[in-house]
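Novice: structure30.cif is the file, holding mmCIF, C-alpha atoms and all ligand atoms:
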data_work
#
loop_
_atom_site.label_atom_id
_atom_site.label_comp_id
_atom_site.auth_asym_id
_atom_site.auth_seq_id
_atom_site.Cartn_x
_atom_site.Cartn_y
_atom_site.Cartn_z
CA MET A 4 151.62 54.63 108.42
CA MET A 5 150.51 57.59 106.32
CA LYS A 6 153.25 60.08 105.54
CA GLU A 7 152.72 63.85 105.72
CA LEU A 8 152.68 66.06 102.64
CA SER A 9 152.31 69.80 102.12
CA ILE A 10 151.05 71.28 98.85
CA TYR A 11 152.02 74.62 97.30
CA ILE A 12 149.91 75.97 94.43
CA HIS A 13 151.32 78.81 92.33
CA ILE A 14 149.12 81.48 90.75
CA PRO A 15 151.52 83.63 88.70
CA PHE A 16 149.26 86.58 87.88
CA CYS A 17 149.43 90.06 89.42
CA VAL A 18 147.70 93.32 88.57
CA LYS A 19 151.08 94.82 87.78
CA LYS A 20 154.65 94.13 88.78
CA CYS A 21 155.93 95.77 91.96
CA LEU A 22 159.24 97.58 91.41
CA TYR A 23 161.23 95.31 93.76
CA CYS A 24 159.71 91.97 92.75
CA ASP A 25 161.73 89.11 91.26
CA PHE A 26 159.13 86.38 91.93
CA LEU A 27 157.77 84.35 89.05
CA SER A 28 154.76 86.52 88.40
CA PHE A 29 153.42 88.41 85.41
CA PRO A 30 151.73 91.76 85.26
CA ALA A 31 148.27 90.68 84.20
CA GLY A 32 148.29 92.90 81.14
CA GLU A 33 151.43 91.22 79.79
CA VAL A 34 150.67 87.55 80.28
CA LYS A 35 151.48 85.97 76.96
CA ARG A 36 148.03 84.67 76.35
CA GLY A 37 146.47 88.08 76.89
CA MET A 38 145.31 88.63 80.48
CA THR A 39 143.84 92.08 81.11
CA GLU A 40 144.32 94.46 83.97
CA ARG A 41 141.82 93.76 86.69
CA LYS A 42 139.68 90.94 87.96
CA SER A 43 136.56 93.00 87.26
CA ALA A 44 137.50 92.75 83.61
CA LEU A 45 137.99 89.01 83.84
CA SER A 46 134.31 88.22 83.99
CA GLY A 47 133.40 90.32 80.97
CA SER A 48 135.75 89.20 78.23
CA GLY A 49 135.58 85.82 76.59
CA MET A 50 139.24 86.07 75.60
CA VAL A 51 140.40 86.65 79.17
CA GLN A 52 138.12 84.01 80.59
CA ASP A 53 139.71 81.58 78.13
CA ASP A 54 143.14 82.48 79.47
CA ILE A 55 142.21 82.01 83.10
CA GLU A 56 140.53 78.77 82.12
CA TYR A 57 143.64 77.69 80.29
CA TYR A 58 145.92 78.06 83.33
CA VAL A 59 143.43 76.70 85.87
CA ASN A 60 142.77 73.69 83.64
CA LEU A 61 146.50 72.95 83.41
CA LEU A 62 146.86 73.32 87.16
CA CYS A 63 143.92 71.02 87.91
CA ARG A 64 145.27 68.49 85.43
CA GLU A 65 148.71 68.52 87.09
CA ILE A 66 147.13 68.18 90.54
CA THR A 67 144.95 65.30 89.39
CA GLN A 68 147.53 63.29 87.48
CA SER A 69 150.14 63.56 90.26
CA ALA A 70 147.80 62.19 92.90
CA GLU A 71 148.63 58.53 92.31
CA VAL A 72 152.23 59.20 93.43
CA TYR A 73 151.03 60.53 96.80
CA LYS A 74 148.37 58.01 97.70
CA LYS A 75 150.25 57.03 100.87
CA TYR A 76 150.38 60.62 102.08
CA HIS A 77 147.92 62.78 103.91
CA VAL A 78 148.02 66.52 103.33
CA ILE A 79 148.70 68.63 106.42
CA SER A 80 148.92 72.05 104.76
CA ILE A 81 148.09 73.77 101.49
CA PHE A 82 149.39 77.18 100.42
CA LEU A 83 147.96 79.13 97.47
CA GLY A 84 150.70 81.64 96.69
CA GLY A 85 151.90 83.77 93.87
CA GLY A 86 151.63 86.15 92.28
CA THR A 87 148.23 87.19 93.53
CA PRO A 88 145.86 84.22 93.99
CA SER A 89 143.08 86.62 94.99
CA LEU A 90 143.16 88.06 91.47
CA LEU A 91 141.42 84.91 90.26
CA PRO A 92 137.62 84.92 90.48
CA ALA A 93 136.55 82.89 93.53
CA ASP A 94 134.97 80.13 91.43
CA ARG A 95 138.43 79.29 89.99
CA ILE A 96 139.89 79.06 93.49
CA ILE A 97 137.03 76.72 94.39
CA ARG A 98 137.74 74.53 91.34
CA ILE A 99 141.42 74.24 92.29
CA MET A 100 140.54 73.30 95.87
CA GLU A 101 137.99 70.76 94.63
CA ALA A 102 140.67 69.14 92.46
CA VAL A 103 142.91 68.75 95.53
CA ARG A 104 140.14 67.41 97.77
CA ALA A 105 138.92 64.98 95.11
CA HIS A 106 142.32 63.33 94.71
CA TYR A 107 144.27 63.76 97.97
CA ARG A 108 143.57 62.91 101.59
CA VAL A 109 143.42 66.33 103.19
CA ALA A 110 143.68 66.14 106.99
CA GLU A 111 140.65 67.50 108.80
CA LYS A 112 142.73 70.14 110.56
CA ALA A 113 144.98 70.98 107.63
CA GLU A 114 146.19 74.59 107.52
CA ILE A 115 145.03 76.05 104.19
CA THR A 116 146.42 79.50 103.38
CA MET A 117 145.68 81.87 100.53
CA GLU A 118 147.78 84.92 99.73
CA MET A 119 145.96 88.08 98.77
CA ASN A 120 146.75 91.65 97.91
CA PRO A 121 144.70 94.64 99.05
CA GLY A 122 142.08 95.69 96.55
CA THR A 123 141.83 92.34 94.75
CA ILE A 124 138.91 90.73 96.56
CA GLU A 125 135.29 91.59 96.25
CA ASN A 126 132.38 91.48 98.65
CA GLY A 127 131.30 87.90 99.23
CA GLU A 128 134.51 86.27 98.01
CA PRO A 129 136.12 85.64 101.43
CA GLU A 130 132.99 83.70 102.44
CA GLN A 131 133.44 81.52 99.35
CA TYR A 132 137.08 80.91 100.26
CA ILE A 133 135.97 79.71 103.70
CA THR A 134 133.36 77.41 102.18
CA CYS A 135 136.03 75.63 100.14
CA GLY A 136 138.18 75.07 103.24
CA ILE A 137 140.64 77.98 103.23
CA ASN A 138 141.25 78.84 106.89
CA ARG A 139 144.17 81.26 106.82
CA VAL A 140 144.90 84.35 104.72
CA SER A 141 148.14 86.21 104.20
CA ILE A 142 147.77 89.84 103.12
CA GLY A 143 150.63 91.77 101.51
CA LEU A 144 150.55 95.23 103.08
CA GLN A 145 154.31 96.07 103.21
CA SER A 146 153.80 99.58 104.64
CA ALA A 147 151.06 101.70 106.17
CA ASP A 148 152.57 104.81 104.53
CA ASP A 149 151.00 105.59 101.15
CA GLU A 150 154.06 107.40 99.87
CA GLU A 151 156.30 104.41 100.69
CA LEU A 152 153.83 102.10 98.93
CA ARG A 153 153.85 104.31 95.85
CA ARG A 154 157.67 104.36 95.72
CA ILE A 155 157.90 100.56 95.57
CA GLY A 156 155.12 100.32 92.99
CA ARG A 157 152.41 98.65 95.06
CA ILE A 158 148.91 98.75 93.54
CA HIS A 159 147.14 99.81 96.74
CA ASP A 160 147.11 102.39 99.51
CA TYR A 161 146.60 101.79 103.24
CA ALA A 162 142.85 102.46 102.99
CA ALA A 163 142.49 99.64 100.43
CA PHE A 164 144.36 97.31 102.79
CA LEU A 165 142.00 98.20 105.66
CA LYS A 166 139.00 97.41 103.46
CA THR A 167 140.44 94.02 102.51
CA TYR A 168 141.34 93.26 106.14
CA ASP A 169 137.81 94.18 107.20
CA LEU A 170 136.28 91.95 104.51
CA VAL A 171 138.24 88.87 105.59
CA ARG A 172 137.58 89.46 109.30
CA ARG A 173 133.86 89.98 108.69
CA ALA A 174 133.76 86.77 106.66
CA GLY A 175 135.08 84.94 109.72
CA PHE A 176 138.79 84.36 109.11
CA ARG A 177 140.45 83.81 112.49
CA ASN A 178 144.00 83.27 111.29
CA VAL A 179 145.44 86.22 109.37
CA ASN A 180 149.02 87.11 108.47
CA ILE A 181 150.15 90.58 107.44
CA ASP A 182 153.41 91.07 105.49
CA ILE A 183 155.40 94.23 106.21
CA MET A 184 158.77 95.47 104.96
CA SER A 185 161.59 97.59 106.31
CA ALA A 186 164.51 99.32 104.56
CA LEU A 187 162.18 100.80 101.94
CA PRO A 188 163.23 103.88 99.97
CA GLY A 189 162.39 107.04 101.87
CA GLN A 190 161.50 105.09 105.02
CA ASP A 191 162.89 106.02 108.42
CA ALA A 192 162.60 104.40 111.84
CA ALA A 193 159.73 106.70 112.84
CA SER A 194 157.59 105.84 109.81
CA TYR A 195 158.41 102.13 110.21
CA GLU A 196 157.32 102.32 113.83
CA ARG A 197 154.03 103.88 112.72
CA THR A 198 153.49 100.89 110.42
CA LEU A 199 154.24 98.50 113.29
CA ARG A 200 151.77 100.36 115.55
CA LYS A 201 148.99 100.39 112.97
CA VAL A 202 149.45 96.73 112.10
CA THR A 203 149.59 95.45 115.69
CA ALA A 204 146.53 97.58 116.57
CA LEU A 205 144.59 95.34 114.17
CA ALA A 206 145.74 92.24 116.13
CA PRO A 207 146.53 89.85 113.28
CA GLU A 208 147.55 86.38 114.46
CA HIS A 209 150.83 86.45 112.52
CA ILE A 210 153.21 89.08 111.14
CA SER A 211 155.97 88.50 108.58
CA ALA A 212 158.54 91.31 108.69
CA TYR A 213 161.08 91.28 105.86
CA SER A 214 163.84 93.69 104.91
CA LEU A 215 163.76 94.88 101.33
CA ILE A 216 166.40 93.14 99.24
CA LEU A 217 167.40 94.88 96.04
CA GLU A 218 167.33 92.05 93.51
CA GLU A 219 169.27 92.49 90.29
CA GLY A 220 167.12 93.05 87.26
CA THR A 221 164.28 94.72 89.14
CA PRO A 222 163.41 98.36 88.34
CA LEU A 223 164.22 99.38 91.92
CA HIS A 224 167.70 97.89 91.58
CA GLU A 225 168.28 99.49 88.19
CA ARG A 226 167.19 102.93 89.40
CA GLN A 227 168.50 102.76 92.96
CA SER A 228 170.53 105.95 92.55
CA GLU A 229 167.25 107.88 92.18
CA TYR A 230 166.07 106.81 95.64
CA SER A 231 167.25 107.52 99.14
CA PHE A 232 167.54 104.32 101.15
CA PRO A 233 167.93 104.03 104.95
CA THR A 234 171.52 103.85 106.19
CA GLU A 235 172.88 100.65 107.75
CA GLU A 236 172.38 102.16 111.23
CA GLU A 237 168.77 103.03 110.40
CA GLU A 238 168.19 99.49 109.13
CA GLN A 239 169.59 98.09 112.37
CA GLU A 240 167.28 100.39 114.31
CA MET A 241 164.29 99.09 112.30
CA ASP A 242 165.36 95.49 113.00
CA ARG A 243 165.56 96.29 116.70
CA LEU A 244 162.12 97.93 116.58
CA THR A 245 160.66 94.85 114.89
CA ARG A 246 161.95 92.51 117.58
CA GLN A 247 161.18 94.68 120.59
CA TYR A 248 157.89 96.20 119.54
CA LEU A 249 156.38 92.94 118.31
CA ALA A 250 157.53 91.15 121.48
CA SER A 251 155.90 93.86 123.59
CA CYS A 252 152.64 93.24 121.70
CA GLY A 253 152.73 89.49 122.39
CA TYR A 254 154.20 88.18 119.13
CA HIS A 255 157.03 85.72 119.54
CA ARG A 256 159.73 85.45 116.93
CA TYR A 257 159.96 81.85 115.72
CA GLU A 258 161.94 82.37 112.52
CA ILE A 259 164.31 85.08 111.26
CA SER A 260 161.46 87.13 109.76
CA ASN A 261 158.32 85.58 111.24
CA TYR A 262 156.37 86.44 114.40
CA ALA A 263 153.25 84.78 115.76
CA GLY A 264 150.74 84.94 118.55
CA ASP A 265 150.54 81.77 120.68
CA GLY A 266 149.49 78.79 118.58
CA TYR A 267 149.68 80.64 115.24
CA GLU A 268 153.08 79.74 113.81
CA CYS A 269 152.71 78.99 110.10
CA ARG A 270 152.65 75.22 109.78
CA HIS A 271 153.26 75.26 106.04
CA ASN A 272 156.45 77.33 106.21
CA LYS A 273 157.77 75.17 109.05
CA VAL A 274 157.59 72.21 106.69
CA TYR A 275 160.11 73.98 104.42
CA TRP A 276 162.49 74.78 107.28
CA GLN A 277 162.20 71.32 108.81
CA ARG A 278 162.63 69.58 105.45
CA GLY A 279 159.26 67.88 105.36
CA ASP A 280 157.89 66.57 102.06
CA TYR A 281 156.11 69.11 99.88
CA VAL A 282 154.96 69.24 96.29
CA GLY A 283 154.47 72.41 94.28
CA PHE A 284 151.92 72.66 91.48
CA GLY A 285 151.85 75.33 88.81
CA LEU A 286 154.28 77.39 86.80
CA GLY A 287 157.84 77.17 88.16
CA ALA A 288 156.67 75.65 91.45
CA SER A 289 159.34 73.90 93.56
CA SER A 290 159.00 70.55 95.30
CA MET A 291 160.97 68.37 97.66
CA VAL A 292 159.90 64.80 98.28
CA GLN A 293 162.10 62.16 99.89
CA ASN A 294 165.25 64.19 99.20
CA VAL A 295 164.48 64.82 95.55
CA ARG A 296 164.14 68.47 94.68
CA TRP A 297 162.67 69.68 91.40
CA SER A 298 161.15 72.79 89.86
CA ASN A 299 158.41 72.87 87.27
CA PRO A 300 159.09 74.58 83.93
CA ASP A 301 158.84 78.34 84.24
CA THR A 302 157.26 79.49 80.99
CA LEU A 303 153.60 78.96 80.22
CA GLU A 304 154.38 77.09 77.00
CA SER A 305 156.88 74.69 78.58
CA TYR A 306 154.67 74.17 81.64
CA ALA A 307 151.77 73.27 79.33
CA MET A 308 154.00 70.75 77.50
CA TYR A 309 155.07 69.24 80.81
CA VAL A 310 151.54 68.86 82.11
CA THR A 311 150.16 67.45 78.88
CA SER A 312 153.10 65.08 78.31
CA ALA A 313 151.98 61.49 78.47
CA ALA A 314 155.29 60.35 79.96
CA VAL A 315 155.28 62.19 83.23
CA LYS A 316 152.81 62.30 86.06
CA CYS A 317 155.02 64.17 88.48
CA GLY A 318 158.65 65.29 88.87
CA TYR A 319 159.00 62.69 91.58
CA ASP A 320 157.43 59.47 90.45
CA GLY A 321 157.53 55.95 91.76
CA ALA A 322 157.57 57.14 95.37
CA GLU A 323 156.60 53.71 96.61
CA CYS A 324 159.31 51.71 94.90
CA GLY A 325 161.94 54.43 95.07
CA GLN A 326 162.35 54.53 91.30
CA LEU A 327 162.78 57.85 89.61
CA ILE A 328 161.79 58.67 86.09
CA GLU A 329 164.54 60.58 84.34
CA VAL A 330 163.12 63.66 82.72
CA ASN A 331 165.20 66.54 81.56
CA GLY A 332 165.91 68.60 78.50
CA GLN A 333 169.13 66.81 77.70
CA GLU A 334 167.75 63.32 77.64
CA GLU A 335 164.49 64.16 75.95
CA PRO A 336 165.16 67.37 74.04
CA GLU A 337 162.22 66.73 71.77
CA ALA A 338 159.95 67.02 74.79
CA GLY A 339 160.51 70.79 74.68
CA TYR A 340 160.72 71.44 78.38
CA ILE A 341 163.25 71.16 81.17
CA LEU A 342 162.49 69.88 84.61
CA HIS A 343 165.25 70.98 86.95
CA ARG A 344 165.74 68.04 89.25
CA GLN A 345 168.31 67.20 91.87
CA VAL A 346 168.65 64.05 93.95
CA LEU A 347 170.28 65.37 97.13
CA SER A 348 173.46 63.69 98.34
CA ARG A 349 173.87 62.83 102.03
CA GLN A 350 176.13 65.88 102.47
CA GLU A 351 173.60 68.16 100.81
CA GLN A 352 170.88 66.82 103.09
CA MET A 353 173.06 67.55 106.14
CA GLU A 354 173.76 71.09 104.92
CA GLU A 355 170.07 71.73 104.39
CA TYR A 356 169.18 70.26 107.77
CA MET A 357 171.46 72.82 109.40
CA PHE A 358 170.94 75.98 107.38
CA LEU A 359 167.19 75.61 107.02
CA GLY A 360 166.70 74.44 110.61
CA LEU A 361 168.80 77.26 112.06
CA ARG A 362 166.45 79.80 110.46
CA MET A 363 164.08 78.82 113.23
CA VAL A 364 164.61 80.36 116.66
CA CYS A 365 164.25 76.92 118.30
CA GLY A 366 167.09 75.66 116.08
CA VAL A 367 167.82 72.00 115.35
CA SER A 368 167.87 68.80 117.36
CA ALA A 369 171.16 66.92 117.71
CA ALA A 370 169.30 63.65 118.40
CA LYS A 371 167.20 64.02 115.25
CA PHE A 372 170.34 64.72 113.22
CA GLU A 373 171.86 61.47 114.53
CA HIS A 374 168.64 59.56 113.85
CA ILE A 375 168.42 60.80 110.24
CA PHE A 376 172.10 60.54 109.31
CA ASP A 377 173.22 57.75 111.62
CA SER A 378 176.10 59.90 112.76
CA PRO A 379 176.50 62.18 115.83
CA ILE A 380 176.34 65.87 114.95
CA GLU A 381 179.66 66.50 116.75
CA GLY A 382 181.39 64.10 114.38
CA VAL A 383 180.26 66.15 111.39
CA TYR A 384 179.93 69.72 112.63
CA GLY A 385 181.70 69.74 116.04
CA GLY A 386 184.36 72.27 114.95
CA THR A 387 181.83 74.62 113.34
CA ILE A 388 179.52 74.51 116.36
CA ASP A 389 182.42 75.26 118.75
CA CYS A 390 183.66 78.11 116.60
CA LEU A 391 180.25 79.79 116.31
CA ARG A 392 179.69 79.25 120.03
CA ARG A 393 182.94 81.03 120.86
CA GLN A 394 181.84 83.95 118.66
CA GLY A 395 178.59 84.20 120.63
CA LEU A 396 176.49 83.37 117.56
CA LEU A 397 175.20 79.95 118.59
CA VAL A 398 174.23 78.11 121.76
CA ARG A 399 173.86 74.47 122.59
CA ASP A 400 171.49 73.62 125.42
CA GLY A 401 170.93 69.93 125.84
CA ASP A 402 169.66 68.49 122.58
CA GLY A 403 169.00 71.89 120.98
CA ILE A 404 171.41 73.88 118.83
CA ARG A 405 170.24 77.36 117.91
CA LEU A 406 171.48 80.77 116.84
CA THR A 407 171.60 83.55 119.43
CA GLU A 408 169.98 86.89 118.67
CA ARG A 409 173.35 88.10 117.39
CA GLY A 410 173.61 84.92 115.33
CA LEU A 411 170.19 85.58 113.79
CA ASP A 412 171.35 89.11 112.90
CA VAL A 413 174.21 87.64 110.86
CA SER A 414 172.38 84.46 109.91
CA ASN A 415 173.77 84.31 106.37
CA TYR A 416 177.31 84.15 107.73
CA ALA A 417 176.44 81.72 110.53
CA MET A 418 174.52 79.34 108.30
CA SER A 419 177.11 79.38 105.54
CA GLN A 420 179.60 77.87 108.01
CA PHE A 421 177.65 74.59 107.73
CA LEU A 422 178.33 74.20 104.00
CA PHE A 423 180.95 71.66 103.02
CA ASP A 424 183.66 72.96 100.71
S1 LIG A 501 152.15 91.49 94.36
FE1 LIG A 501 153.81 90.18 95.12
S2 LIG A 501 154.19 88.70 93.45
FE2 LIG A 501 152.95 90.39 92.60
S3 LIG A 501 154.43 91.78 91.70
FE3 LIG A 501 154.04 92.52 93.80
S4 LIG A 501 155.60 91.51 95.08
FE4 LIG A 501 155.55 90.44 93.10
#
Translate the structure described by the file into structure tokens.

Specialist:
Amino acid sequence: MMKELSIYIHIPFCVKKCLYCDFLSFPAGEVKRGMTERKSALSGSGMVQDDIEYYVNLLCREITQSAEVYKKYHVISIFLGGGTPSLLPADRIIRIMEAVRAHYRVAEKAEITMEMNPGTIENGEPEQYITCGINRVSIGLQSADDEELRRIGRIHDYAAFLKTYDLVRRAGFRNVNIDIMSALPGQDAASYERTLRKVTALAPEHISAYSLILEEGTPLHERQSEYSFPTEEEEQEMDRLTRQYLASCGYHRYEISNYAGDGYECRHNKVYWQRGDYVGFGLGASSMVQNVRWSNPDTLESYAMYVTSAAVKCGYDGAECGQLIEVNGQEEPEAGYILHRQVLSRQEQMEEYMFLGLRMVCGVSAAKFEHIFDSPIEGVYGGTIDCLRRQGLLVRDGDGIRLTERGLDVSNYAMSQFLFD
């Protein structure tokens, strides 16, 4: 029987770095090999075209040479993320998709998502995305308030978002996600509610609602004293608004930060939370196949060495026979790159099953746990489940074990209880 695989493809380029961002992405003007500011400039300069070519060629080569490992899989979802994939001219997106389709069995109804940022697509491009099979887009709005957008260093205003949204709808996209954020500097519950109202009025099929996390090393973290952030009570009020307002508009919460209309839960993200097999292509991309996790090298030079190395086709190789090729900086220092790889122990697999699965509102299945680990869940986690149940953070109904609304509010605490010492 064919196994299921999801594919993540990383495009690390952005117009410029947002002030809160710690993702592996480069402001286009600072990419080592000399990217320039905007996509409009990409078509004019030979130098920049060479750079785009360089990365897309590496990506297509990695996709192609890994395919042999996954010949017994069919692909149920693809996610082009970043960075800003929509910063690439559409013909490069088409080439990447052609490389996947030429070498992998992509299921007819596969969910194929592309992330985009307002102001980075041009007339006619969404139609080209549809032609190459992309059937879902995820647009990073974050806030409908221009002043809030400016404070966090976004490249766009709300009007630019509306134009992008209109372009993708006119092209025929019927599955659209909008990302929004709460706890932004200068934001209060009233302005957050205005964002919720404006976004739901557009009737996207899916809304991702995250709270801003101040990550160390980001400009927003370094200069936090210059900003006024919402108080803890205000943040709680925004969380309550998210849940109640989105529910009243017909969006059900199916994961801590994700809300969907009926039938529009994101299939690709559910693969991560349910520990399905996925492979990531591109700079720094993460993969997990058959309980082996690895991350690609995270500098352009080391990624290029990895892709062009004759020794390695994929971080997980020999999937059929269960053999693994050892590749890391210590054993082959002359190779010049490090592939971070971890073969998960049985305990680590159990931990992941619980703390990833409990992110989902439907929780985890006790029967599936027993099937995978050949051990009843009570025998492993009985004490933890009882304790969280007594605290009102978790419920068990029949086969299902899930966090309550209060449990989801303190999910980091609840999920950490499933880690072995
Ligand atoms: S657009 Fe996204 S990936 Fe790019 S800098 Fe902003 S937050 Fe980071």

Novice: Which residue gives the smallest distance to ligand LIG 501 (chain A) among A:Val282, A:Ile380, A:Ile115, A:Leu215, with only C-alpha atoms and all ligand atoms counted?

Specialist: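 Closest to ligand LIG 501 (chain A), using only C-alpha atoms and all ligand atoms: A:Leu215.
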
Novice: Could you jot down the CA of Thr198 (chain A) to CA of Ala250 (chain A) separation for me, Å, one decimal place?

Specialist: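 Here the two named atoms are 15.3 Å from each other.
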
Novice: Might you pull out every residue within 9 Å of Cys135 (chain A), with only C-alpha atoms counted and same-chain residues fewer than 5 positions away left off, and present them as a compact mmCIF listing (two decimals) with C-alpha atoms, in the coordinates of the input?

Specialist:
# COMPACT_ATOMS: atom_id res chain seq x y z
CA ILE A 96 139.89 79.06 93.49
CA ILE A 97 137.03 76.72 94.39
CA MET A 100 140.54 73.30 95.87
CA GLU A 101 137.99 70.76 94.63
CA GLU A 130 132.99 83.70 102.44

Novice: Let me make sure I understand: among A:Ser214, A:Thr87, A:Gln247, A:Ser228, which one has the smallest atom-to-atom distance to ligand LIG 501 (chain A) if we use all atoms listed in the file?

Specialist: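 For ligand LIG 501 (chain A), the nearest of the candidates is A:Thr87.
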
Novice: Could you give me, as a list of chain:residue names, the residues within 10 Å of Ile14 (chain A), counting only C-alpha atoms and dropping anything in the same chain fewer than 2 positions from it?

Specialist: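 Counting only C-alpha atoms, the residues come to A:Tyr11, A:Ile12, A:Phe16, A:Cys17, A:Leu27, A:Ser28, A:Phe29, A:Tyr58, A:Val59, A:Leu62, A:Leu83, A:Gly84, A:Gly85, A:Gly86, A:Thr87, A:Pro88, A:Ser89, A:Leu90, A:Leu91, A:Ile96, A:Glu118, A:Phe284, A:Gly285, A:Leu286, A:Ala288.
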
Novice: Could you pull out the residues sitting within 12 Å of ligand LIG 501 (chain A), using all atoms listed in the file, and write them as a PyMOL selection string?

Specialist: chain A and resi 13-31+84-90+118-123+141-145+152-153+155-159+182-184+215-216+218+221-222

Novice: Calculate how many Å separate CA of Arg108 (chain A) from CA of Gly283 (chain A), rounding to one decimal.

Specialist: 16.2 Å

Novice: Kindly give the distance, in Å, that separates CA of Glu258 (chain A) and CA of Asp242 (chain A), rounded to a single decimal.

Specialist: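 Straight-line distance from CA of Glu258 (chain A) to CA of Asp242 (chain A) works out to 13.6 Å.
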
Novice: Taking 4 positions as the minimum chain separation for residues in the same chain, which residues sit within 8 Å of region 78-80 of chain A when counting all atoms listed in the file? Answer as a list in words.

Specialist: Glu7, Leu8, Ser9, Ile10, Tyr107, Arg108, Val109, Ala110, Lys112, Ala113, Glu114, Ile115, Thr116, Arg270 and His271 of chain A

Novice: Let me make sure I understand: among A:Gln239, A:Asn261, A:Ser194, A:Thr134, which one has the smallest atom-to-atom distance to Ile181 (chain A) if we use only C-alpha atoms?

Specialist: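 Among A:Gln239, A:Asn261, A:Ser194, A:Thr134, it is A:Asn261 that comes nearest to Ile181 (chain A).
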